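Next comes final36.tsv, with TSV, C-alpha atoms.
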chain	number	residue	atom	x	y	z
R	1	MET	CA	23.64	-13.71	43.22
R	2	ASN	CA	20.43	-15.30	41.92
R	3	GLN	CA	18.56	-12.10	42.73
R	4	LEU	CA	21.08	-10.07	40.70
R	5	ILE	CA	20.73	-12.41	37.71
R	6	SER	CA	16.92	-12.27	37.97
R	7	LYS	CA	16.92	-8.47	38.02
R	8	SER	CA	19.35	-8.35	35.09
R	9	LEU	CA	17.19	-10.71	33.02
R	10	LEU	CA	14.05	-8.77	33.93
R	11	GLY	CA	15.74	-5.52	32.89
R	12	LEU	CA	16.93	-7.06	29.64
R	13	ALA	CA	13.42	-8.34	28.90
R	14	GLY	CA	11.99	-4.85	29.54
R	15	VAL	CA	14.50	-3.20	27.22
R	16	THR	CA	13.83	-5.82	24.53
R	17	PHE	CA	10.07	-5.21	24.85
R	18	LEU	CA	10.50	-1.44	24.50
R	19	ILE	CA	12.71	-1.81	21.42
R	20	CYS	CA	10.26	-4.23	19.77
R	21	ALA	CA	7.26	-2.07	20.65
R	22	SER	CA	8.85	1.08	19.25
R	23	GLN	CA	9.89	-0.68	16.03
R	24	SER	CA	6.39	-2.00	15.37
R	25	THR	CA	4.87	1.41	16.09
R	26	MET	CA	7.21	3.06	13.59
R	27	ALA	CA	6.31	0.50	10.95
R	28	LEU	CA	2.58	1.26	11.10
R	29	VAL	CA	1.05	3.29	8.29
R	30	PRO	CA	-0.54	6.51	9.57
R	31	ASN	CA	-4.34	6.69	9.22
R	32	ASN	CA	-4.13	9.55	6.73
R	33	VAL	CA	-1.86	7.71	4.25
R	34	GLY	CA	-3.48	6.08	1.24
R	35	VAL	CA	-2.04	2.69	0.31
R	36	ILE	CA	-2.20	1.19	-3.17
R	37	LEU	CA	-1.42	-2.51	-3.26
R	38	ASN	CA	-1.05	-4.48	-6.47
R	39	SER	CA	-0.71	-8.25	-6.02
R	40	GLY	CA	1.34	-8.96	-9.10
R	41	SER	CA	0.52	-12.15	-10.99
R	42	THR	CA	1.93	-15.55	-11.76
R	43	ASN	CA	4.41	-13.88	-14.13
R	44	THR	CA	4.89	-10.41	-12.62
R	45	VAL	CA	5.94	-8.69	-9.41
R	46	GLY	CA	3.35	-6.41	-7.78
R	47	TYR	CA	3.86	-3.05	-6.09
R	48	ARG	CA	2.97	-0.98	-3.05
R	49	ILE	CA	2.54	2.78	-3.09
R	50	TYR	CA	2.08	4.91	0.04
R	51	VAL	CA	0.60	8.36	-0.64
R	52	SER	CA	0.51	11.07	2.04
R	53	PRO	CA	-2.01	13.95	1.85
R	54	SER	CA	0.90	16.29	1.04
R	55	GLY	CA	1.65	14.26	-2.10
R	56	GLU	CA	4.82	12.70	-0.69
R	57	VAL	CA	5.04	9.11	-1.92
R	58	ASN	CA	7.05	6.04	-1.00
R	59	TYR	CA	6.85	3.02	-3.25
R	60	VAL	CA	8.33	-0.40	-3.81
R	61	TYR	CA	8.07	-2.57	-6.91
R	62	GLY	CA	10.04	-5.25	-8.75
R	63	LYS	CA	12.85	-2.88	-9.73
R	64	GLY	CA	13.37	-1.36	-6.27
R	65	SER	CA	11.96	1.40	-4.12
R	66	GLY	CA	11.80	5.15	-4.22
R	67	GLN	CA	10.29	8.40	-3.07
R	68	ALA	CA	8.60	11.12	-5.07
R	69	LYS	CA	6.09	13.94	-4.87
R	70	LEU	CA	2.84	13.74	-6.81
R	71	PRO	CA	1.25	16.77	-8.45
R	72	GLU	CA	-1.13	18.52	-6.05
R	73	LYS	CA	-4.10	18.07	-8.36
R	74	LEU	CA	-3.62	14.28	-8.57
R	75	THR	CA	-3.08	13.99	-4.80
R	76	LYS	CA	-6.25	15.95	-4.00
R	77	ARG	CA	-8.28	13.93	-6.53
R	78	PHE	CA	-7.04	10.61	-5.08
R	79	PHE	CA	-7.92	11.55	-1.49
R	80	ARG	CA	-11.27	13.07	-2.53
R	81	ASP	CA	-12.15	9.87	-4.40
R	82	LEU	CA	-11.07	7.72	-1.43
R	83	LYS	CA	-13.35	9.70	0.90
R	84	LEU	CA	-16.27	9.56	-1.55
R	85	ALA	CA	-15.89	5.77	-1.81
R	86	GLU	CA	-16.09	5.15	1.95
R	87	PRO	CA	-16.65	2.71	3.43
R	88	LEU	CA	-14.06	1.23	1.09
R	89	SER	CA	-15.01	-2.35	1.90
R	90	ASN	CA	-18.47	-1.70	0.38
R	91	LEU	CA	-17.11	-0.36	-2.89
R	92	SER	CA	-18.96	-1.89	-5.83
R	93	VAL	CA	-16.93	-4.15	-8.10
R	94	LYS	CA	-17.96	-6.60	-10.81
R	95	PRO	CA	-18.45	-10.05	-9.24
R	96	ASN	CA	-17.39	-12.17	-12.22
R	97	CYS	CA	-14.44	-10.25	-13.56
R	98	VAL	CA	-12.47	-12.32	-16.06
R	99	LYS	CA	-8.68	-11.98	-15.85
R	100	SER	CA	-5.72	-13.65	-17.50
R	101	THR	CA	-4.41	-16.58	-15.47
R	102	SER	CA	-0.80	-15.56	-16.09
R	103	PHE	CA	-1.05	-11.78	-15.99
R	104	GLY	CA	-4.20	-10.95	-13.99
R	105	THR	CA	-3.56	-8.84	-10.91
R	106	THR	CA	-5.58	-7.56	-7.97
R	107	THR	CA	-5.36	-3.93	-6.91
R	108	THR	CA	-6.74	-2.60	-3.64
R	109	VAL	CA	-6.64	0.79	-1.97
R	110	SER	CA	-6.78	1.44	1.74
R	111	LEU	CA	-7.02	4.39	4.07
R	112	GLY	CA	-7.42	4.60	7.83
R	113	GLY	CA	-7.89	0.88	8.39
R	114	GLN	CA	-10.39	0.50	5.53
R	115	GLN	CA	-9.57	-1.57	2.45
R	116	SER	CA	-11.35	-1.82	-0.87
R	117	PRO	CA	-12.04	-4.95	-2.84
R	118	ASP	CA	-10.22	-5.37	-6.18
R	119	ILE	CA	-10.75	-2.11	-8.08
R	120	THR	CA	-9.47	-3.49	-11.39
R	121	CYS	CA	-13.06	-4.60	-12.04
R	122	PRO	CA	-14.99	-1.46	-11.06
R	123	GLY	CA	-18.72	-1.88	-10.53
R	124	ASN	CA	-19.65	1.81	-10.34
R	125	GLY	CA	-18.34	5.32	-10.90
R	126	LYS	CA	-16.66	5.55	-7.48
R	127	ALA	CA	-14.62	2.40	-8.09
R	128	LEU	CA	-13.81	3.53	-11.64
R	129	ARG	CA	-12.53	6.90	-10.39
R	130	LEU	CA	-10.26	5.14	-7.88
R	131	GLU	CA	-8.99	2.77	-10.56
R	132	ASN	CA	-8.22	5.76	-12.80
R	133	ASP	CA	-6.44	7.52	-9.90
R	134	VAL	CA	-4.29	4.43	-9.29
R	135	ILE	CA	-3.42	4.21	-12.99
R	136	ALA	CA	-2.47	7.91	-13.04
R	137	ILE	CA	-0.37	7.62	-9.87
R	138	SER	CA	1.49	4.52	-11.04
R	139	LYS	CA	2.14	6.11	-14.46
R	140	THR	CA	3.41	9.31	-12.84
R	141	LEU	CA	5.81	7.28	-10.69
R	142	LYS	CA	6.66	4.88	-13.55
R	143	VAL	CA	5.76	2.00	-11.21
R	144	VAL	CA	4.70	-1.04	-13.21
R	145	ASN	CA	4.32	-4.77	-12.87
R	146	VAL	CA	7.78	-6.10	-13.69
R	147	PRO	CA	8.18	-9.59	-15.16
R	148	ASN	CA	9.47	-12.00	-12.50
R	149	SER	CA	12.57	-12.68	-14.62
R	150	GLN	CA	13.47	-8.95	-14.64
R	151	GLY	CA	12.71	-7.97	-11.06
R	152	LYS	CA	12.97	-8.93	-7.44
R	153	PRO	CA	10.11	-10.04	-5.16
R	154	LEU	CA	8.72	-7.31	-2.92
R	155	PRO	CA	10.08	-7.25	0.60
R	156	PRO	CA	7.46	-8.25	3.18
R	157	GLN	CA	5.41	-5.57	4.84
R	158	ASN	CA	6.59	-5.08	8.39
R	159	PHE	CA	3.18	-4.30	9.83

Can you turn what I pasted into structure tokens?
Amino acid sequence: MNQLISKSLLGLAGVTFLICASQSTMALVPNNVGVILNSGSTNTVGYRIYVSPSGEVNYVYGKGSGQAKLPEKLTKRFFRDLKLAEPLSNLSVKPNCVKSTSFGTTTTVSLGGQQSPDITCPGNGKALRLENDVIAISKTLKVVNVPNSQGKPLPPQNF
């Protein structure tokens, strides 16, 4: 009887492991998807935008989530500028960027495991192009920083 219980528990543990492993794998962002992350501020909710090379987009912000397709020209420009800025962690930004205490945000972009510093204070043309791409993408999607009183906090990232 004890052997049967042990085998049942072992089988249950194996199934649980497989379910958990498959869920975490599905939650990972593919290496070819560009991620735009805006922190929000003391008074506003941030946003996350996931851009695939085909222009398919998933986003979440203070007013909810959605899917869309970006214009081909904007998609190609964003991915070209990401590649030109690699390695993203070395992207030049202004070291002493002054921001509002209540409304200052941080925006980063990432691709393939690389992440930029805050591009809202670009230190060179590469960073400025990425900042302009992010502005154009968020405007196209109508994704904005929503005041805390008018939106909901972002759900946690599951990866």

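Residues surrounding Ile49 in chain R within 9 Å are Gly34, Val35, Ile36, Leu37, Asn38, Val57, Asn58, Tyr59, Val60, Tyr61, Ile137, Ser138 and Val143 of chain R [all atoms listed in the file; sequence separation below 6 positions excluded].
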
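For the point (-9.2, -3.1, -4.6) in file coordinates, the residues within 6 Å, using only C-alpha atoms, are R:Thr107, R:Thr108, R:Val109, R:Ser116, R:Pro117, R:Asp118, R:Ile119.
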
Size and centre in Å, one decimal, axis-aligned box, all listed range 120-135 of chain R atoms plus 8 Å per side, as JSON:
{"center_x": -11.5, "center_y": 1.5, "center_z": -10.2, "size_x": 32.2, "size_y": 28.1, "size_z": 21.5}

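Of the residues listed (R:Ile135, R:Leu74, R:Val146, R:Val33), R:Val33 shows the shortest atom-to-atom separation from Gln114 in chain R; distances use only C-alpha atoms.
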
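With only C-alpha atoms as the atoms that count, the minimum distance from Lys152 in chain R to the choices R:Gly46, R:Asn90, R:Asn32, R:Gly112 is reached by R:Gly46.
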
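Between CA of Asn132 in chain R and CA of Gln150 in chain R the interatomic distance comes to 26.3 Å.
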
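Compared by their closest atoms to Pro95 in chain R, and using all atoms listed in the file, the residues R:Asn145, R:Ser54, R:Thr42, R:Asn124 rank with R:Asn124 nearest.
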
### Summary
Among R:Tyr47, R:Gly55, R:Ser110, R:Lys63, Gly151 in chain R is approached most closely, using all atoms listed in the file, by R:Lys63

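Here CA of Gly104 in chain R is placed at a distance of 21.8 Å from CA of Gln157 in chain R.
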
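Compared by their closest atoms to Val134 in chain R, and using all atoms listed in the file, the residues R:Thr105, R:Pro147, R:Phe78, R:Lys99 rank with R:Phe78 nearest.
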
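In this model, the gap between CA of Val98 in chain R and CA of Thr120 in chain R comes to 10.4 Å.
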
### Query
Quick one: residues within 8 Å of Pro153 in chain R, all atoms listed in the file counted, chain neighbours fewer than 3 positions away excluded, as a ChimeraX atom specification?
/R:45,61-62,148

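Among R:Gly64, R:Asp81, R:Leu111, R:Asn43, the residue with the shortest atom-to-atom distance to Asn31 in chain R, counting all atoms listed in the file, is R:Leu111.
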
Restrict the output to range 15-134 of chain R and C-alpha atoms, then write it as a JSON list (two decimals), in the first residue's frame.
[["chain", "number", "residue", "atom", "x", "y", "z"],
["R", 15, "VAL", "CA", 2.75, 15.83, -13.85],
["R", 16, "THR", "CA", 2.85, 19.01, -11.75],
["R", 17, "PHE", "CA", 6.44, 19.67, -12.87],
["R", 18, "LEU", "CA", 5.53, 19.22, -16.54],
["R", 19, "ILE", "CA", 2.55, 21.56, -16.26],
["R", 20, "CYS", "CA", 4.62, 24.23, -14.49],
["R", 21, "ALA", "CA", 7.51, 23.87, -16.93],
["R", 22, "SER", "CA", 5.25, 24.19, -19.97],
["R", 23, "GLN", "CA", 3.48, 27.25, -18.54],
["R", 24, "SER", "CA", 6.74, 29.09, -17.86],
["R", 25, "THR", "CA", 8.04, 28.24, -21.32],
["R", 26, "MET", "CA", 4.89, 29.65, -22.93],
["R", 27, "ALA", "CA", 5.22, 32.84, -20.92],
["R", 28, "LEU", "CA", 8.72, 33.62, -22.21],
["R", 29, "VAL", "CA", 9.10, 36.35, -24.80],
["R", 30, "PRO", "CA", 10.66, 35.02, -28.03],
["R", 31, "ASN", "CA", 14.15, 36.39, -28.82],
["R", 32, "ASN", "CA", 12.89, 38.18, -31.93],
["R", 33, "VAL", "CA", 10.19, 40.20, -30.12],
["R", 34, "GLY", "CA", 10.98, 43.78, -29.18],
["R", 35, "VAL", "CA", 9.69, 44.85, -25.78],
["R", 36, "ILE", "CA", 8.95, 48.44, -24.80],
["R", 37, "LEU", "CA", 8.57, 48.95, -21.08],
["R", 38, "ASN", "CA", 7.45, 52.22, -19.52],
["R", 39, "SER", "CA", 7.65, 52.35, -15.73],
["R", 40, "GLY", "CA", 4.86, 54.81, -15.14],
["R", 41, "SER", "CA", 5.39, 57.38, -12.40],
["R", 42, "THR", "CA", 4.18, 58.31, -8.96],
["R", 43, "ASN", "CA", 0.94, 59.55, -10.55],
["R", 44, "THR", "CA", 0.58, 57.39, -13.67],
["R", 45, "VAL", "CA", 0.38, 53.76, -14.76],
["R", 46, "GLY", "CA", 3.09, 52.55, -17.15],
["R", 47, "TYR", "CA", 2.76, 50.23, -20.14],
["R", 48, "ARG", "CA", 4.31, 47.25, -21.89],
["R", 49, "ILE", "CA", 4.31, 46.75, -25.64],
["R", 50, "TYR", "CA", 5.47, 43.56, -27.36],
["R", 51, "VAL", "CA", 6.32, 44.01, -31.06],
["R", 52, "SER", "CA", 6.92, 41.04, -33.36],
["R", 53, "PRO", "CA", 8.96, 41.42, -36.58],
["R", 54, "SER", "CA", 5.71, 40.96, -38.55],
["R", 55, "GLY", "CA", 4.26, 44.06, -36.87],
["R", 56, "GLU", "CA", 1.85, 42.11, -34.68],
["R", 57, "VAL", "CA", 1.64, 43.84, -31.30],
["R", 58, "ASN", "CA", 0.33, 42.95, -27.86],
["R", 59, "TYR", "CA", 0.15, 45.65, -25.24],
["R", 60, "VAL", "CA", -1.06, 46.36, -21.75],
["R", 61, "TYR", "CA", -1.53, 49.74, -20.08],
["R", 62, "GLY", "CA", -3.67, 51.38, -17.41],
["R", 63, "LYS", "CA", -6.88, 51.11, -19.45],
["R", 64, "GLY", "CA", -6.48, 47.43, -20.38],
["R", 65, "SER", "CA", -4.78, 45.32, -23.00],
["R", 66, "GLY", "CA", -5.05, 44.80, -26.72],
["R", 67, "GLN", "CA", -3.61, 43.57, -29.96],
["R", 68, "ALA", "CA", -2.90, 45.46, -33.16],
["R", 69, "LYS", "CA", -0.74, 45.49, -36.27],
["R", 70, "LEU", "CA", 1.77, 48.27, -36.83],
["R", 71, "PRO", "CA", 2.47, 49.72, -40.26],
["R", 72, "GLU", "CA", 5.27, 47.82, -42.01],
["R", 73, "LYS", "CA", 7.43, 50.93, -42.33],
["R", 74, "LEU", "CA", 7.30, 51.64, -38.57],
["R", 75, "THR", "CA", 7.96, 47.99, -37.69],
["R", 76, "LYS", "CA", 11.01, 47.78, -39.98],
["R", 77, "ARG", "CA", 12.37, 51.09, -38.65],
["R", 78, "PHE", "CA", 11.98, 49.96, -35.02],
["R", 79, "PHE", "CA", 13.80, 46.65, -35.58],
["R", 80, "ARG", "CA", 16.50, 48.31, -37.71],
["R", 81, "ASP", "CA", 17.11, 50.89, -34.97],
["R", 82, "LEU", "CA", 17.20, 48.15, -32.30],
["R", 83, "LYS", "CA", 19.85, 46.25, -34.26],
["R", 84, "LEU", "CA", 21.90, 49.41, -34.90],
["R", 85, "ALA", "CA", 21.86, 50.21, -31.17],
["R", 86, "GLU", "CA", 23.25, 46.82, -30.07],
["R", 87, "PRO", "CA", 24.48, 46.01, -27.57],
["R", 88, "LEU", "CA", 21.47, 47.75, -26.05],
["R", 89, "SER", "CA", 22.99, 47.88, -22.57],
["R", 90, "ASN", "CA", 25.74, 50.17, -23.94],
["R", 91, "LEU", "CA", 23.32, 52.64, -25.49],
["R", 92, "SER", "CA", 24.34, 56.20, -24.68],
["R", 93, "VAL", "CA", 21.97, 58.17, -22.46],
["R", 94, "LYS", "CA", 22.38, 61.44, -20.59],
["R", 95, "PRO", "CA", 23.68, 60.70, -17.08],
["R", 96, "ASN", "CA", 22.00, 63.59, -15.24],
["R", 97, "CYS", "CA", 18.60, 63.69, -16.87],
["R", 98, "VAL", "CA", 16.19, 65.85, -14.88],
["R", 99, "LYS", "CA", 12.63, 64.53, -14.61],
["R", 100, "SER", "CA", 9.50, 65.54, -12.76],
["R", 101, "THR", "CA", 9.17, 63.77, -9.41],
["R", 102, "SER", "CA", 5.46, 63.17, -9.95],
["R", 103, "PHE", "CA", 5.34, 62.48, -13.68],
["R", 104, "GLY", "CA", 8.84, 61.33, -14.69],
["R", 105, "THR", "CA", 8.94, 57.88, -16.24],
["R", 106, "THR", "CA", 11.61, 55.45, -17.40],
["R", 107, "THR", "CA", 11.34, 53.75, -20.78],
["R", 108, "THR", "CA", 13.50, 50.82, -21.84],
["R", 109, "VAL", "CA", 13.56, 48.63, -24.91],
["R", 110, "SER", "CA", 14.75, 45.05, -25.07],
["R", 111, "LEU", "CA", 15.37, 42.40, -27.68],
["R", 112, "GLY", "CA", 16.86, 38.94, -27.43],
["R", 113, "GLY", "CA", 17.86, 39.19, -23.78],
["R", 114, "GLN", "CA", 19.40, 42.66, -24.18],
["R", 115, "GLN", "CA", 17.91, 45.69, -22.45],
["R", 116, "SER", "CA", 18.62, 49.37, -22.92],
["R", 117, "PRO", "CA", 19.01, 51.97, -20.23],
["R", 118, "ASP", "CA", 16.32, 54.68, -19.99],
["R", 119, "ILE", "CA", 15.91, 56.05, -23.53],
["R", 120, "THR", "CA", 13.84, 59.06, -22.43],
["R", 121, "CYS", "CA", 17.16, 60.88, -21.98],
["R", 122, "PRO", "CA", 18.96, 59.94, -25.21],
["R", 123, "GLY", "CA", 22.70, 60.57, -25.29],
["R", 124, "ASN", "CA", 23.26, 60.01, -29.01],
["R", 125, "GLY", "CA", 21.48, 59.55, -32.33],
["R", 126, "LYS", "CA", 20.90, 55.81, -31.84],
["R", 127, "ALA", "CA", 19.11, 56.36, -28.53],
["R", 128, "LEU", "CA", 17.15, 59.29, -30.00],
["R", 129, "ARG", "CA", 15.96, 57.16, -32.93],
["R", 130, "LEU", "CA", 14.75, 54.46, -30.53],
["R", 131, "GLU", "CA", 12.99, 57.04, -28.38],
["R", 132, "ASN", "CA", 11.27, 58.42, -31.50],
["R", 133, "ASP", "CA", 10.27, 54.88, -32.56],
["R", 134, "VAL", "CA", 8.74, 54.23, -29.12]]
